[in-house]
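Peer 1: Enclosed is the structure file data_11.txt (compact mmCIF, C-alpha atoms).
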# COMPACT_ATOMS: atom_id res chain seq x y z
CA MET S 91 0.00 0.00 0.00
CA GLN S 92 1.28 3.46 -0.88
CA ILE S 93 0.22 6.44 1.18
CA TRP S 94 1.26 9.83 -0.10
CA ASN S 95 1.25 12.82 2.21
CA LYS S 96 1.62 16.40 0.99
CA LEU S 97 2.43 15.24 -2.51
CA HIS S 98 3.24 18.14 -4.82
CA LEU S 99 3.02 17.40 -8.51
CA VAL S 100 3.32 19.64 -11.48
CA PHE S 101 2.14 18.22 -14.76
CA THR S 102 3.60 20.31 -17.54
CA SER S 103 2.96 20.17 -21.24
CA GLY S 104 5.49 18.15 -23.14
CA CYS S 105 6.88 16.55 -19.99
CA GLU S 106 4.49 14.36 -18.02
CA LEU S 107 1.62 15.10 -20.40
CA ALA S 108 1.78 14.67 -24.12
CA HIS S 109 -0.90 16.70 -25.83
CA LEU S 110 -1.88 16.92 -29.41
CA LEU S 111 -4.59 18.92 -31.06
CA TRP S 112 -5.61 19.07 -34.66
CA GLN S 113 -8.20 20.68 -36.87
CA ASN S 114 -9.62 19.15 -39.99
CA LEU S 115 -10.44 21.12 -43.11
CA ARG S 116 -13.99 21.82 -41.88
CA GLY S 117 -12.62 23.51 -38.75
CA THR S 118 -13.64 20.77 -36.34
CA SER S 119 -11.14 20.49 -33.50
CA VAL S 120 -10.16 17.24 -31.82
CA VAL S 121 -7.88 17.00 -28.82
CA PHE S 122 -6.04 13.89 -27.65
CA VAL S 123 -4.27 13.85 -24.30
CA ASN S 124 -1.93 11.01 -23.40
CA LEU S 125 -1.79 11.17 -19.62
CA ASP S 126 1.30 9.92 -17.80
CA ALA S 127 -0.82 8.19 -15.17
CA CYS S 128 -2.56 4.88 -14.79
CA MET S 129 -5.68 5.98 -16.60
CA ALA S 130 -8.04 8.86 -17.13
CA SER S 131 -11.45 8.83 -15.53
CA GLN S 132 -14.92 9.99 -16.33
CA LEU S 133 -14.78 12.49 -13.48
CA VAL S 134 -11.47 13.99 -14.66
CA THR S 135 -12.77 14.21 -18.22
CA ILE S 136 -16.02 15.87 -17.14
CA LYS S 137 -14.16 18.51 -15.10
CA VAL S 138 -11.68 19.22 -17.92
CA ILE S 139 -14.52 19.64 -20.42
CA GLU S 140 -16.37 21.96 -18.00
CA ARG S 141 -13.28 24.17 -17.81
CA LEU S 142 -12.77 24.10 -21.58
CA ARG S 143 -16.41 25.11 -22.12
CA ALA S 144 -15.96 28.04 -19.74
CA ARG S 145 -12.98 29.21 -21.83
CA TYR S 146 -13.92 28.22 -25.40
CA GLY S 147 -17.70 27.82 -25.40
CA ASN S 148 -18.95 24.73 -27.21
CA LEU S 149 -15.72 24.13 -29.16
CA TYR S 150 -14.76 21.15 -26.96
CA SER S 151 -17.13 18.46 -25.73
CA GLU S 152 -17.42 14.76 -25.00
CA GLN S 153 -17.47 14.27 -28.78
CA ASN S 154 -13.98 15.63 -29.48
CA VAL S 155 -11.91 15.38 -26.28
CA ALA S 156 -10.08 12.09 -25.69
CA ILE S 157 -8.04 11.63 -22.52
CA SER S 158 -6.07 8.41 -22.30
CA GLY S 159 -3.61 7.04 -19.75
CA ILE S 160 -0.42 5.08 -20.37
CA HIS S 161 -1.24 2.74 -17.46
CA SER S 162 1.69 3.76 -15.30
CA HIS S 163 1.65 2.68 -11.66
CA ALA S 164 4.15 5.40 -10.76
CA GLY S 165 1.72 8.33 -10.69
CA PRO S 166 -0.55 9.65 -7.99
CA GLY S 167 -3.57 7.78 -6.71
CA GLY S 168 -6.92 8.87 -5.40
CA TYR S 169 -8.16 10.83 -8.41
CA LEU S 170 -10.59 8.22 -9.73
CA GLN S 171 -14.21 8.12 -8.65
CA TYR S 172 -14.44 4.34 -8.39
CA VAL S 173 -13.89 2.74 -4.98
CA VAL S 174 -11.83 -0.21 -6.19
CA TYR S 175 -9.23 2.17 -7.67
CA ILE S 176 -8.89 4.42 -4.62
CA VAL S 177 -8.53 1.79 -1.90
CA THR S 178 -4.73 2.00 -1.88
CA SER S 179 -4.80 5.79 -1.53
CA LEU S 180 -7.31 5.49 1.32
CA GLY S 181 -10.01 7.30 -0.64
CA PHE S 182 -10.42 10.25 -2.96
CA VAL S 183 -7.46 12.67 -2.87
CA ARG S 184 -8.56 16.14 -3.95
CA GLN S 185 -4.95 17.28 -4.47
CA SER S 186 -4.25 14.46 -6.94
CA PHE S 187 -7.50 15.12 -8.78
CA ASP S 188 -6.92 18.87 -8.98
CA VAL S 189 -3.33 18.60 -10.23
CA LEU S 190 -4.35 16.18 -12.99
CA VAL S 191 -7.27 18.34 -14.12
CA ASP S 192 -5.11 21.50 -13.97
CA GLY S 193 -2.30 19.87 -15.96
CA ILE S 194 -4.61 18.48 -18.63
CA GLU S 195 -6.42 21.81 -18.97
CA LYS S 196 -3.14 23.74 -19.27
CA SER S 197 -1.83 21.30 -21.88
CA ILE S 198 -4.97 21.62 -23.99
CA ILE S 199 -4.87 25.42 -23.73
CA GLN S 200 -1.21 25.40 -24.79
CA ALA S 201 -1.98 23.10 -27.70
CA HIS S 202 -4.97 25.23 -28.71
CA GLU S 203 -2.93 28.43 -28.65
CA ASN S 204 -0.01 26.89 -30.57
CA LEU S 205 -1.87 24.94 -33.24
CA ARG S 206 0.38 24.24 -36.23
CA PRO S 207 0.02 22.20 -39.42
CA GLY S 208 1.03 18.58 -38.98
CA SER S 209 0.49 15.00 -40.02
CA ILE S 210 -0.78 11.91 -38.22
CA PHE S 211 0.72 8.49 -38.96
CA VAL S 212 -0.67 5.15 -37.79
CA ASN S 213 1.10 1.82 -38.00
CA LYS S 214 0.49 -1.65 -36.57
CA GLY S 215 2.78 -4.60 -36.08
CA GLU S 216 3.65 -7.52 -33.87
CA LEU S 217 5.82 -6.70 -30.87
CA LEU S 218 7.55 -9.93 -29.89
CA ASP S 219 9.65 -10.69 -26.79
CA ALA S 220 8.17 -7.71 -24.96
CA GLY S 221 5.42 -9.06 -22.72
CA VAL S 222 4.20 -12.16 -20.99
CA ASN S 223 0.90 -13.48 -19.77
CA ARG S 224 0.80 -13.04 -15.98
CA SER S 225 -1.36 -16.13 -15.65
CA PRO S 226 -0.83 -18.71 -18.37
CA SER S 227 -2.73 -21.29 -16.31
CA ALA S 228 -5.79 -19.04 -16.17
CA HIS S 229 -5.52 -18.49 -19.93
CA LEU S 230 -5.62 -22.27 -20.42
CA ASN S 231 -8.99 -22.32 -18.61
CA ASN S 232 -10.54 -20.43 -21.54
CA PRO S 233 -12.41 -22.67 -23.99
CA ALA S 234 -10.20 -24.12 -26.73
CA ALA S 235 -12.37 -22.41 -29.35
CA GLU S 236 -11.62 -19.03 -27.77
CA ARG S 237 -7.88 -19.72 -27.41
CA SER S 238 -7.63 -20.86 -31.03
CA LYS S 239 -8.63 -17.38 -32.22
CA TYR S 240 -5.27 -15.98 -31.10
CA LYS S 241 -1.73 -16.73 -32.12
CA TYR S 242 -0.29 -15.97 -28.64
CA ASP S 243 -1.57 -16.03 -25.07
CA VAL S 244 -1.27 -12.22 -24.93
CA ASP S 245 -2.01 -9.51 -27.46
CA LYS S 246 1.25 -8.88 -29.32
CA GLU S 247 -0.19 -6.29 -31.71
CA MET S 248 1.08 -2.77 -31.13
CA THR S 249 -0.49 0.30 -32.68
CA LEU S 250 1.69 3.37 -33.03
CA VAL S 251 0.14 6.79 -33.54
CA LYS S 252 2.70 9.45 -34.45
CA PHE S 253 2.01 13.17 -34.66
CA VAL S 254 4.53 15.16 -36.68
CA ASP S 255 4.83 18.95 -36.92
CA ASN S 256 5.07 19.76 -40.65
CA GLU S 257 7.71 22.43 -40.03
CA LEU S 258 9.70 21.02 -37.09
CA GLY S 259 9.39 17.30 -37.83
CA PRO S 260 9.01 14.56 -35.20
CA SER S 261 9.15 15.65 -31.56
CA TRP S 262 11.89 13.23 -30.53
Please go through the file and, once you have read it, give me the structure as structure tokens.
Peer 2:
Amino acid sequence: MQIWNKLHLVFTSGCELAHLLWQNLRGTSVVFVNLDACMASQLVTIKVIERLRARYGNLYSEQNVAISGIHSHAGPGGYLQYVVYIVTSLGFVRQSFDVLVDGIEKSIIQAHENLRPGSIFVNKGELLDAGVNRSPSAHLNNPAAERSKYKYDVDKEMTLVKFVDNELGPSW
């Protein structure tokens, strides 16, 4: 169990948060936030969208804001609204919640104010020798018909989404 006391976090754009925003030719904006935390939550997303609406009107909504987490176990706890996820933090931690919402909001504002032409690339492939099934015996309890649908006992397919600034090139 991890208990954090007086944890001070600063989520800054381009560091702990990767943010990307694009506009299509019709002017419709879409924002994608890749959060360096275990996962996003409905509550975090609702609060971020409320703040964006206060700033930008109806430009951003549930239809065009995607907040995703990288599933890191190294970030703060207590910001999710579901009991099973906040047991180890001994309940909801307002400070964790606020710093995540603040960081996401600031990243989206920065992306919105610095929108530049770019390209999006998507690729898929098998990523071998990179992961294992944590419970092969449990996997074997699945019906043979289900197991036969898959080549491996874990999903080895990786999807890469790459955003490239047309002027500056890739961000690495």
Peer 1: In Å, how far is it from atom CA of Thr249 of chain S to atom CA of Asn213 of chain S?
Peer 2: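 Separating atom CA of Thr249 of chain S from atom CA of Asn213 of chain S is a distance of 5.8 Å.
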Peer 1: Taking only C-alpha atoms into account, name the residue in S:Ser119, S:Pro207, S:Pro233, S:Met248 that is nearest to Ala220 of chain S.
Peer 2: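 Nearest candidate to Ala220 of chain S out of S:Ser119, S:Pro207, S:Pro233, S:Met248: S:Met248.
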Peer 1: What is the atom CA of Val222 of chain S-atom CA of Gly159 of chain S distance in Å, reported with one decimal?
Peer 2: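 Distance reported for this atom pair: 20.8 Å.
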Peer 1: Ranking S:Arg143, S:Asp243, S:Leu170, S:Leu218 by minimum distance to Asn231 of chain S and counting all atoms listed in the file, which one comes first?
Peer 2: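 Among S:Arg143, S:Asp243, S:Leu170, S:Leu218, it is S:Asp243 that comes nearest to Asn231 of chain S.
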Peer 1: For a quick check of understanding, using all atoms listed in the file, which of S:Ala234, S:Ile199, S:Met129, S:Leu217 has the smallest distance to Lys246 of chain S?
Peer 2: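 That would be S:Leu217, the residue with the smallest distance to Lys246 of chain S.
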Peer 1: Using Å and a single decimal, report how far atom CA of Asp192 of chain S sits from atom CA of Gln153 of chain S.
Peer 2: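 These atoms are spaced 20.6 Å apart.
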Peer 1: Could you name the residues that touch Val244 of chain S at 10 Å or less, counting only C-alpha atoms, but leaving out those on the same chain fewer than 5 positions away, as a PyMOL selection string?
Peer 2: chain S and resi 221-224+226+229
Peer 1: Using all atoms listed in the file, which residues sit within 8 Å of Arg206 of chain S once same-chain residues fewer than 2 positions away are excluded, as a list in words?
Peer 2: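 Counting all atoms listed in the file, the residues come to Asn204, Gly208, Asp255 and Asn256 of chain S.
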Peer 1: Can you write just those residues out, C-alpha atoms, as a short mmCIF file (atom, residue, chain, number, x, y, z; two decimals), in the coordinates of the input?
Peer 2:
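What ended up in part36.cif:
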data_model
loop_
_atom_site.label_atom_id
_atom_site.label_comp_id
_atom_site.auth_asym_id
_atom_site.auth_seq_id
_atom_site.Cartn_x
_atom_site.Cartn_y
_atom_site.Cartn_z
CA ASN S 204 -0.01 26.89 -30.57
CA GLY S 208 1.03 18.58 -38.98
CA ASP S 255 4.83 18.95 -36.92
CA ASN S 256 5.07 19.76 -40.65
#
